[in-house]
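Raw contents of data-v9.txt, compact mmCIF, C-alpha atoms and all ligand atoms:
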```
# COMPACT_ATOMS: atom_id res chain seq x y z
CA MET A 278 113.32 93.96 54.21
CA SER A 279 109.75 94.89 53.25
CA LYS A 280 107.01 92.77 54.82
CA HIS A 281 105.10 92.81 51.54
CA PRO A 282 105.44 89.84 49.16
CA ILE A 283 105.84 92.13 46.13
CA THR A 284 107.45 95.54 45.55
CA ILE A 285 105.17 98.48 46.32
CA ILE A 286 105.67 101.93 44.86
CA ALA A 287 103.54 104.71 46.37
CA ILE A 288 103.06 107.90 44.34
CA ASP A 289 101.18 110.77 45.98
CA GLY A 290 100.55 114.36 45.03
CA GLY A 291 97.89 116.97 44.31
CA ALA A 292 95.66 117.18 41.24
CA ALA A 293 97.41 117.56 37.87
CA THR A 294 100.92 117.09 39.25
CA GLY A 295 101.60 114.36 36.68
CA LYS A 296 100.84 111.42 39.00
CA SER A 297 98.78 109.37 36.58
CA SER A 298 101.06 109.65 33.53
CA THR A 299 104.11 108.96 35.68
CA SER A 300 102.56 106.02 37.59
CA CYS A 301 101.26 104.45 34.40
CA ALA A 302 104.63 104.70 32.67
CA ILE A 303 106.54 103.34 35.69
CA ALA A 304 104.16 100.38 35.94
CA LYS A 305 104.60 99.65 32.22
CA LYS A 306 108.39 99.83 32.36
CA LEU A 307 108.61 97.59 35.43
CA GLU A 308 105.70 95.36 34.38
CA PHE A 309 103.90 96.08 37.66
CA LEU A 310 100.17 96.48 38.27
CA HIS A 311 98.97 100.11 38.24
CA VAL A 312 96.19 101.19 40.60
CA ASP A 313 94.73 104.71 40.52
CA THR A 314 93.03 105.30 43.88
CA GLY A 315 91.69 108.69 42.71
CA ALA A 316 89.54 106.62 40.34
CA HIS A 317 88.26 104.66 43.38
CA TYR A 318 87.03 107.84 45.07
CA ARG A 319 85.57 109.01 41.77
CA THR A 320 83.74 105.69 41.26
CA VAL A 321 82.25 105.79 44.78
CA THR A 322 81.24 109.44 44.20
CA PHE A 323 79.58 108.46 40.93
CA ALA A 324 77.67 105.57 42.57
CA LEU A 325 76.49 107.60 45.58
CA ASN A 326 75.50 110.45 43.33
CA GLN A 327 73.47 108.06 41.18
CA ALA A 328 71.69 106.98 44.33
CA GLY A 329 70.83 110.64 44.94
CA ILE A 330 73.07 110.92 48.02
CA SER A 331 74.70 114.22 48.95
CA PRO A 332 78.07 114.38 50.80
CA LYS A 333 76.33 116.69 53.29
CA ASP A 334 74.08 113.85 54.49
CA LEU A 335 76.53 111.65 56.43
CA ASP A 336 73.92 109.11 57.54
CA ALA A 337 72.76 108.62 53.95
CA VAL A 338 76.40 108.21 52.85
CA THR A 339 76.99 105.50 55.48
CA GLU A 340 73.78 103.71 54.50
CA GLY A 341 74.58 104.12 50.81
CA LEU A 342 78.03 102.57 51.24
CA GLU A 343 76.42 99.43 52.69
CA THR A 344 74.67 98.84 49.37
CA LEU A 345 77.88 98.99 47.33
CA ASN A 346 79.71 95.77 46.42
CA LEU A 347 83.21 96.31 45.15
CA GLY A 348 84.86 94.28 42.40
CA THR A 349 88.08 94.51 40.42
CA SER A 350 88.93 93.82 36.83
CA VAL A 351 92.52 93.76 35.65
CA LYS A 352 93.04 94.83 32.05
CA GLY A 353 96.58 94.81 30.80
CA GLN A 354 98.54 96.41 33.63
CA GLN A 355 95.70 98.37 35.14
CA ALA A 356 93.18 97.46 37.81
CA PHE A 357 89.69 98.97 37.62
CA LEU A 358 87.07 99.21 40.34
CA SER A 359 83.51 98.14 39.65
CA ILE A 360 80.55 98.73 41.90
CA ASN A 361 77.60 96.32 41.95
CA GLY A 362 78.90 94.86 38.71
CA HIS A 363 79.18 98.19 36.87
CA GLU A 364 82.53 99.63 35.90
CA PRO A 365 81.90 103.30 35.14
CA ASN A 366 83.75 104.73 32.17
CA ASP A 367 86.07 107.74 32.12
CA SER A 368 83.41 110.20 31.02
CA GLU A 369 81.26 109.12 33.98
CA ILE A 370 83.96 109.40 36.66
CA ARG A 371 85.70 112.48 35.21
CA SER A 372 82.58 114.54 34.55
CA PRO A 373 82.43 118.15 35.85
CA HIS A 374 79.92 116.95 38.44
CA VAL A 375 82.23 114.26 39.85
CA ASN A 376 85.19 116.67 39.69
CA GLY A 377 83.18 119.06 41.85
CA ALA A 378 81.91 116.49 44.38
CA VAL A 379 84.72 113.96 44.81
CA ALA A 380 86.82 115.91 47.33
CA TYR A 381 83.75 116.30 49.58
CA PHE A 382 83.04 112.56 49.56
CA ALA A 383 86.76 111.74 49.99
CA ALA A 384 86.84 113.85 53.17
CA ILE A 385 84.21 111.65 54.86
CA PRO A 386 85.81 109.10 57.26
CA SER A 387 83.29 106.32 56.44
CA VAL A 388 84.13 106.64 52.73
CA ARG A 389 87.87 106.37 53.43
CA LYS A 390 87.33 103.42 55.78
CA PHE A 391 85.22 101.75 53.09
CA LEU A 392 88.10 101.88 50.58
CA PHE A 393 91.00 101.17 52.98
CA GLU A 394 90.93 97.34 52.99
CA TYR A 395 90.04 97.24 49.33
CA GLN A 396 93.11 99.31 48.47
CA ARG A 397 95.41 97.30 50.76
CA GLY A 398 93.98 94.17 49.10
CA GLN A 399 95.37 95.24 45.73
CA VAL A 400 98.67 93.59 46.73
CA LYS A 401 96.92 90.21 46.61
CA MET A 402 95.23 91.19 43.37
CA ALA A 403 98.62 92.01 41.82
CA GLN A 404 100.06 88.70 43.06
CA LYS A 405 97.08 86.74 41.79
CA HIS A 406 97.64 88.17 38.32
CA GLY A 407 101.35 87.36 38.38
CA PHE A 408 102.73 90.88 38.89
CA LYS A 409 105.95 91.29 40.85
CA GLY A 410 104.99 94.74 42.00
CA LEU A 411 102.31 97.36 42.45
CA VAL A 412 102.35 101.06 41.59
CA MET A 413 99.61 102.81 43.55
CA GLU A 414 98.87 106.50 43.13
CA GLY A 415 96.76 108.81 45.26
CA ARG A 416 96.85 111.25 48.15
CA ASP A 417 97.49 109.04 51.19
CA ILE A 418 99.25 105.98 49.77
CA GLY A 419 102.66 106.64 51.32
CA SER A 420 101.16 108.02 54.53
CA VAL A 421 98.17 105.74 55.32
CA ILE A 422 97.66 102.84 52.88
CA PHE A 423 101.30 101.68 52.54
CA PRO A 424 103.43 103.76 54.93
CA ASP A 425 105.89 100.85 54.85
CA ALA A 426 106.29 100.79 51.04
CA PRO A 427 109.98 100.64 50.07
CA PHE A 428 109.49 103.45 47.52
CA ARG A 429 107.37 106.49 48.31
CA PHE A 430 107.30 109.54 46.06
CA TYR A 431 105.53 112.85 46.44
CA LEU A 432 104.97 114.81 43.22
CA HIS A 433 104.60 118.55 43.31
CA ALA A 434 104.04 121.19 40.57
CA ASP A 435 103.39 124.92 40.56
CA ALA A 436 99.84 126.23 40.08
CA GLU A 437 100.41 127.52 36.54
CA THR A 438 101.82 124.22 35.25
CA ARG A 439 98.94 122.32 36.80
CA SER A 440 96.13 124.43 35.38
CA LEU A 441 97.83 124.31 31.99
CA ARG A 442 97.91 120.49 32.17
CA ARG A 443 94.20 120.27 32.95
CA LYS A 444 93.36 122.69 30.12
CA LYS A 445 95.36 120.56 27.69
CA GLN A 446 93.36 117.52 28.87
CA GLY A 447 90.24 119.55 28.07
CA GLN A 448 88.90 119.11 31.58
CA GLU A 449 86.83 121.45 33.67
CA ASP A 450 88.35 121.02 37.11
CA ALA A 451 88.85 123.50 39.95
CA ILE A 452 92.10 121.86 41.04
CA GLN A 453 93.16 124.51 43.56
CA GLN A 454 89.81 124.30 45.32
CA ARG A 455 89.96 120.48 45.32
CA ASP A 456 93.50 120.53 46.72
CA ALA A 457 92.44 122.95 49.45
CA ILE A 458 89.73 120.50 50.56
CA ASP A 459 92.10 117.50 50.25
CA THR A 460 94.89 119.12 52.31
CA SER A 461 92.67 120.55 55.02
CA ARG A 462 90.48 117.51 55.78
CA LYS A 463 90.93 115.77 59.15
CA GLU A 464 91.13 112.21 57.84
CA ALA A 465 94.21 111.25 55.77
CA PRO A 466 94.88 114.73 54.39
CA LEU A 467 97.00 115.23 51.30
CA LYS A 468 100.53 115.77 52.59
CA CYS A 469 104.04 114.74 51.81
CA PRO A 470 104.58 111.47 53.71
CA GLU A 471 107.50 111.59 56.11
CA GLY A 472 110.60 110.24 54.40
CA ALA A 473 109.08 110.33 50.89
CA ILE A 474 111.14 111.55 47.92
CA VAL A 475 109.79 114.89 46.67
CA VAL A 476 109.86 115.58 42.93
CA ASP A 477 108.90 118.97 41.44
CA THR A 478 107.39 118.00 38.09
CA SER A 479 107.08 121.60 36.85
CA GLU A 480 110.83 121.72 36.46
CA HIS A 481 111.07 118.56 34.34
CA THR A 482 109.47 116.91 31.33
CA LEU A 483 107.38 113.81 31.91
CA GLU A 484 110.19 111.68 30.43
CA GLN A 485 112.67 113.19 32.89
CA VAL A 486 110.40 112.51 35.86
CA ILE A 487 109.88 108.90 34.76
CA ALA A 488 113.64 108.42 34.27
CA LEU A 489 114.39 109.90 37.68
CA LEU A 490 111.93 107.63 39.49
CA LEU A 491 113.11 104.56 37.58
CA GLN A 492 116.70 105.31 38.45
CA ILE A 493 115.84 105.54 42.16
CA ILE A 494 113.77 102.35 42.07
CA ARG A 495 116.42 100.39 40.18
CA ASN A 496 119.33 101.65 42.29
CA PRO A 497 117.86 101.96 45.78
CA GLN A 498 121.26 102.18 47.49
CA ASP A 499 122.39 105.31 45.53
O1 LIG B 1 93.69 111.72 41.62
P1 LIG B 1 92.32 112.34 41.34
O2 LIG B 1 92.39 113.80 41.04
O3 LIG B 1 91.55 111.58 40.31
O4 LIG B 1 91.53 112.18 42.74
C1 LIG B 1 90.19 112.57 42.89
C2 LIG B 1 89.91 112.93 44.33
O5 LIG B 1 89.98 111.76 45.14
C3 LIG B 1 90.84 113.94 44.96
O6 LIG B 1 90.29 115.24 44.94
C4 LIG B 1 91.03 113.47 46.37
C5 LIG B 1 90.54 112.06 46.40
N1 LIG B 1 91.59 111.08 46.71
C6 LIG B 1 91.86 110.85 48.03
O7 LIG B 1 91.30 111.51 48.90
N2 LIG B 1 92.75 109.89 48.38
C7 LIG B 1 93.39 109.17 47.45
N3 LIG B 1 94.25 108.22 47.82
C8 LIG B 1 93.14 109.43 46.08
C9 LIG B 1 92.25 110.41 45.74
```
Structure encoded using structure tokens:
Amino acid sequence: MSKHPITIIAIDGGAATGKSSTSCAIAKKLEFLHVDTGAHYRTVTFALNQAGISPKDLDAVTEGLETLNLGTSVKGQQAFLSINGHEPNDSEIRSPHVNGAVAYFAAIPSVRKFLFEYQRGQVKMAQKHGFKGLVMEGRDIGSVIFPDAPFRFYLHADAETRSLRRKKQGQEDAIQQRDAIDTSRKEAPLKCPEGAIVVDTSEHTLEQVIALLLQIIRNPQD
């Protein structure tokens, strides 16, 4: 029996492995709240960058974090992070600059600590809004944020499929370089959580991946 009051589904994986499309679709099908923690790191990166803070200056990062007040707005089935009352839009948090800087900020322990309670608190947010479950995607959800989630998936895809996906999205993003930083950092590195179900998304269509995850979630004893 899970100690959480609602069902938690953790979906981890590297950049462009299909995490967001899959998580979004699973949340829609199950009518759960969807939380993209990559967007949290991007929003913090955007805010610190706006304050002129570099990830190389750890003292400035720590001081900068103290000035950031986090808020959440739930729209439809998605939760969005706002900072000091501003909810940055997609073009702000997915700009080439943020793509290039986010992995450096995400490797800083004080940044991860800053988001830890907020992310754990999304269970209460989901409950407050009447959702029976939460789908949270990221890099350390099944390993650090909710290691006790009843469903933990790790998505994987080969390098060619991933760069093709980003190109189709029209994004400039050095995903291999970002993954190298994410997997090699000391704090909460990107890794397959022990006991998680691994899915290679390069071998399947998005619809197949969604169907596979839904089947596992709906028939946990199989
Ligand atoms: O999912 P994404 O590509 O939007 O994530 C952006 C960056 O945020 C990624 O390079 C690593 C970081 N991240 C993290 O360290 N931990 C998470 N749970 C989610 C994202």
Legend entry - Selected residue, from A:Glu369, A:Gln396, A:Gly315, A:Ile494, that lies nearest to Ala293 of chain A when counting only C-alpha atoms: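 Ranking A:Glu369, A:Gln396, A:Gly315, A:Ile494 by distance to Ala293 of chain A, first place goes to A:Gly315.
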Please list as a compact mmCIF listing (two decimals) with C-alpha atoms, in the frame of the given file every residue within 10 Å of Lys280 of chain A, counting all atoms listed in the file and excluding residues in the same chain fewer than 4 positions away.
```txt
# COMPACT_ATOMS: atom_id res chain seq x y z
CA THR A 284 107.45 95.54 45.55
CA ASP A 425 105.89 100.85 54.85
CA ALA A 426 106.29 100.79 51.04
CA PRO A 427 109.98 100.64 50.07
```
Inset, instruction - Residues within 7 Å of ligand LIG 1 (chain B), counting all atoms listed in the file: report them as a ChimeraX atom specification. - result: /A:292,314-316,318-319,379-380,383-384,414-418,455-456,459
Name all residues at most 12 Å from segment 295-299 of chain A (count only C-alpha atoms; drop same-chain ones fewer than 5 positions away) and give them as a PDB file with C-alpha atoms, in the coordinates of the input.
```
ATOM      1  CA  ILE A 286     105.670 101.930  44.860  1.00  0.00           C
ATOM      2  CA  ALA A 287     103.540 104.710  46.370  1.00  0.00           C
ATOM      3  CA  ILE A 288     103.060 107.900  44.340  1.00  0.00           C
ATOM      4  CA  ASP A 289     101.180 110.770  45.980  1.00  0.00           C
ATOM      5  CA  GLY A 290     100.550 114.360  45.030  1.00  0.00           C
ATOM      6  CA  ALA A 304     104.160 100.380  35.940  1.00  0.00           C
ATOM      7  CA  LYS A 305     104.600  99.650  32.220  1.00  0.00           C
ATOM      8  CA  LYS A 306     108.390  99.830  32.360  1.00  0.00           C
ATOM      9  CA  HIS A 311      98.970 100.110  38.240  1.00  0.00           C
ATOM     10  CA  VAL A 312      96.190 101.190  40.600  1.00  0.00           C
ATOM     11  CA  ASP A 313      94.730 104.710  40.520  1.00  0.00           C
ATOM     12  CA  THR A 314      93.030 105.300  43.880  1.00  0.00           C
ATOM     13  CA  GLY A 315      91.690 108.690  42.710  1.00  0.00           C
ATOM     14  CA  ALA A 316      89.540 106.620  40.340  1.00  0.00           C
ATOM     15  CA  GLN A 355      95.700  98.370  35.140  1.00  0.00           C
ATOM     16  CA  VAL A 412     102.350 101.060  41.590  1.00  0.00           C
ATOM     17  CA  MET A 413      99.610 102.810  43.550  1.00  0.00           C
ATOM     18  CA  GLU A 414      98.870 106.500  43.130  1.00  0.00           C
ATOM     19  CA  GLY A 415      96.760 108.810  45.260  1.00  0.00           C
ATOM     20  CA  ARG A 416      96.850 111.250  48.150  1.00  0.00           C
ATOM     21  CA  PHE A 430     107.300 109.540  46.060  1.00  0.00           C
ATOM     22  CA  TYR A 431     105.530 112.850  46.440  1.00  0.00           C
ATOM     23  CA  LEU A 432     104.970 114.810  43.220  1.00  0.00           C
ATOM     24  CA  HIS A 433     104.600 118.550  43.310  1.00  0.00           C
ATOM     25  CA  ALA A 434     104.040 121.190  40.570  1.00  0.00           C
ATOM     26  CA  ASP A 435     103.390 124.920  40.560  1.00  0.00           C
ATOM     27  CA  THR A 438     101.820 124.220  35.250  1.00  0.00           C
ATOM     28  CA  ARG A 439      98.940 122.320  36.800  1.00  0.00           C
ATOM     29  CA  SER A 440      96.130 124.430  35.380  1.00  0.00           C
ATOM     30  CA  LEU A 441      97.830 124.310  31.990  1.00  0.00           C
ATOM     31  CA  ARG A 442      97.910 120.490  32.170  1.00  0.00           C
ATOM     32  CA  ARG A 443      94.200 120.270  32.950  1.00  0.00           C
ATOM     33  CA  GLN A 446      93.360 117.520  28.870  1.00  0.00           C
ATOM     34  CA  VAL A 476     109.860 115.580  42.930  1.00  0.00           C
ATOM     35  CA  ASP A 477     108.900 118.970  41.440  1.00  0.00           C
ATOM     36  CA  THR A 478     107.390 118.000  38.090  1.00  0.00           C
ATOM     37  CA  SER A 479     107.080 121.600  36.850  1.00  0.00           C
ATOM     38  CA  GLU A 480     110.830 121.720  36.460  1.00  0.00           C
ATOM     39  CA  HIS A 481     111.070 118.560  34.340  1.00  0.00           C
ATOM     40  CA  THR A 482     109.470 116.910  31.330  1.00  0.00           C
ATOM     41  CA  LEU A 483     107.380 113.810  31.910  1.00  0.00           C
ATOM     42  CA  GLU A 484     110.190 111.680  30.430  1.00  0.00           C
ATOM     43  CA  GLN A 485     112.670 113.190  32.890  1.00  0.00           C
ATOM     44  CA  VAL A 486     110.400 112.510  35.860  1.00  0.00           C
ATOM     45  CA  ILE A 487     109.880 108.900  34.760  1.00  0.00           C
ATOM     46  CA  ALA A 488     113.640 108.420  34.270  1.00  0.00           C
ATOM     47  CA  LEU A 489     114.390 109.900  37.680  1.00  0.00           C
ATOM     48  CA  LEU A 490     111.930 107.630  39.490  1.00  0.00           C
ATOM     49  CA  LEU A 491     113.110 104.560  37.580  1.00  0.00           C
TER      50      LEU A 491
END
```
Legend entry - Who sits within 10 Å of Ala378 of chain A, only C-alpha atoms, same chain under 2 positions skipped, as a list in words: Arg319, Thr322, Phe323, Asn326, Ser331, Pro332, Pro373, His374, Val375, Asn376, Ala380, Tyr381, Phe382, Ala383 and Arg455 of chain A
Expected file contents, prior selection, C-alpha atoms, as a short mmCIF file (atom, residue, chain, number, x, y, z; two decimals), keeping the file's coordinate frame:
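File out32.cif, as written:
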```cif
data_model
loop_
_atom_site.label_atom_id
_atom_site.label_comp_id
_atom_site.auth_asym_id
_atom_site.auth_seq_id
_atom_site.Cartn_x
_atom_site.Cartn_y
_atom_site.Cartn_z
CA ARG A 319 85.57 109.01 41.77
CA THR A 322 81.24 109.44 44.20
CA PHE A 323 79.58 108.46 40.93
CA ASN A 326 75.50 110.45 43.33
CA SER A 331 74.70 114.22 48.95
CA PRO A 332 78.07 114.38 50.80
CA PRO A 373 82.43 118.15 35.85
CA HIS A 374 79.92 116.95 38.44
CA VAL A 375 82.23 114.26 39.85
CA ASN A 376 85.19 116.67 39.69
CA ALA A 380 86.82 115.91 47.33
CA TYR A 381 83.75 116.30 49.58
CA PHE A 382 83.04 112.56 49.56
CA ALA A 383 86.76 111.74 49.99
CA ARG A 455 89.96 120.48 45.32
#
```
Legend entry - d(atom CA of Phe357 of chain A, atom CA of His317 of chain A) in Å: 8.2 Å
Inset, instruction - Kindly indicate which residue among A:Leu467, A:Ala451, A:Ala337, A:Val388 lies nearest to Thr320 of chain A, using all atoms listed in the file for the distances. - result: A:Val388
Inset, instruction - Would you mind telling me which residue in A:Ile385, A:Leu310, A:Asn496, A:Met402 lies nearest to Ala465 of chain A when using all atoms listed in the file? - result: A:Ile385
Legend entry - Among listed residues A:Ser387, A:Gln492, A:Gln354, A:Thr339, nearest Leu411 of chain A (using all atoms listed in the file):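 Going through A:Ser387, A:Gln492, A:Gln354, A:Thr339 one by one, the smallest distance to Leu411 of chain A is for A:Gln354.
The smallest atom-to-atom distance between Phe423 of chain A and any of A:Ile360, A:Arg371, A:His281, A:Gly353, using all atoms listed in the file, is found for A:His281.
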Legend entry - atom CA of Val321 of chain A to atom CA of Thr344 of chain A, straight-line distance in Å: 11.3 Å
Legend entry - Point-to-point distance from atom CA of His363 of chain A to atom CA of Gln327 of chain A, Å rounded to tenths: 12.2 Å
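Using only C-alpha atoms, the smallest distance between any of A:Arg389, A:Gly348, A:Leu342, A:Gly291 and Lys468 of chain A comes from A:Gly291.
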Listed atoms of segment 377-388 of chain A, axis-aligned box, 5 Å per side: centre and edge lengths to one decimal in Å, as lines of an AutoDock Vina configuration file?
```
center_x = 84.4
center_y = 112.7
center_z = 49.6
size_x = 14.9
size_y = 22.7
size_z = 25.4
```
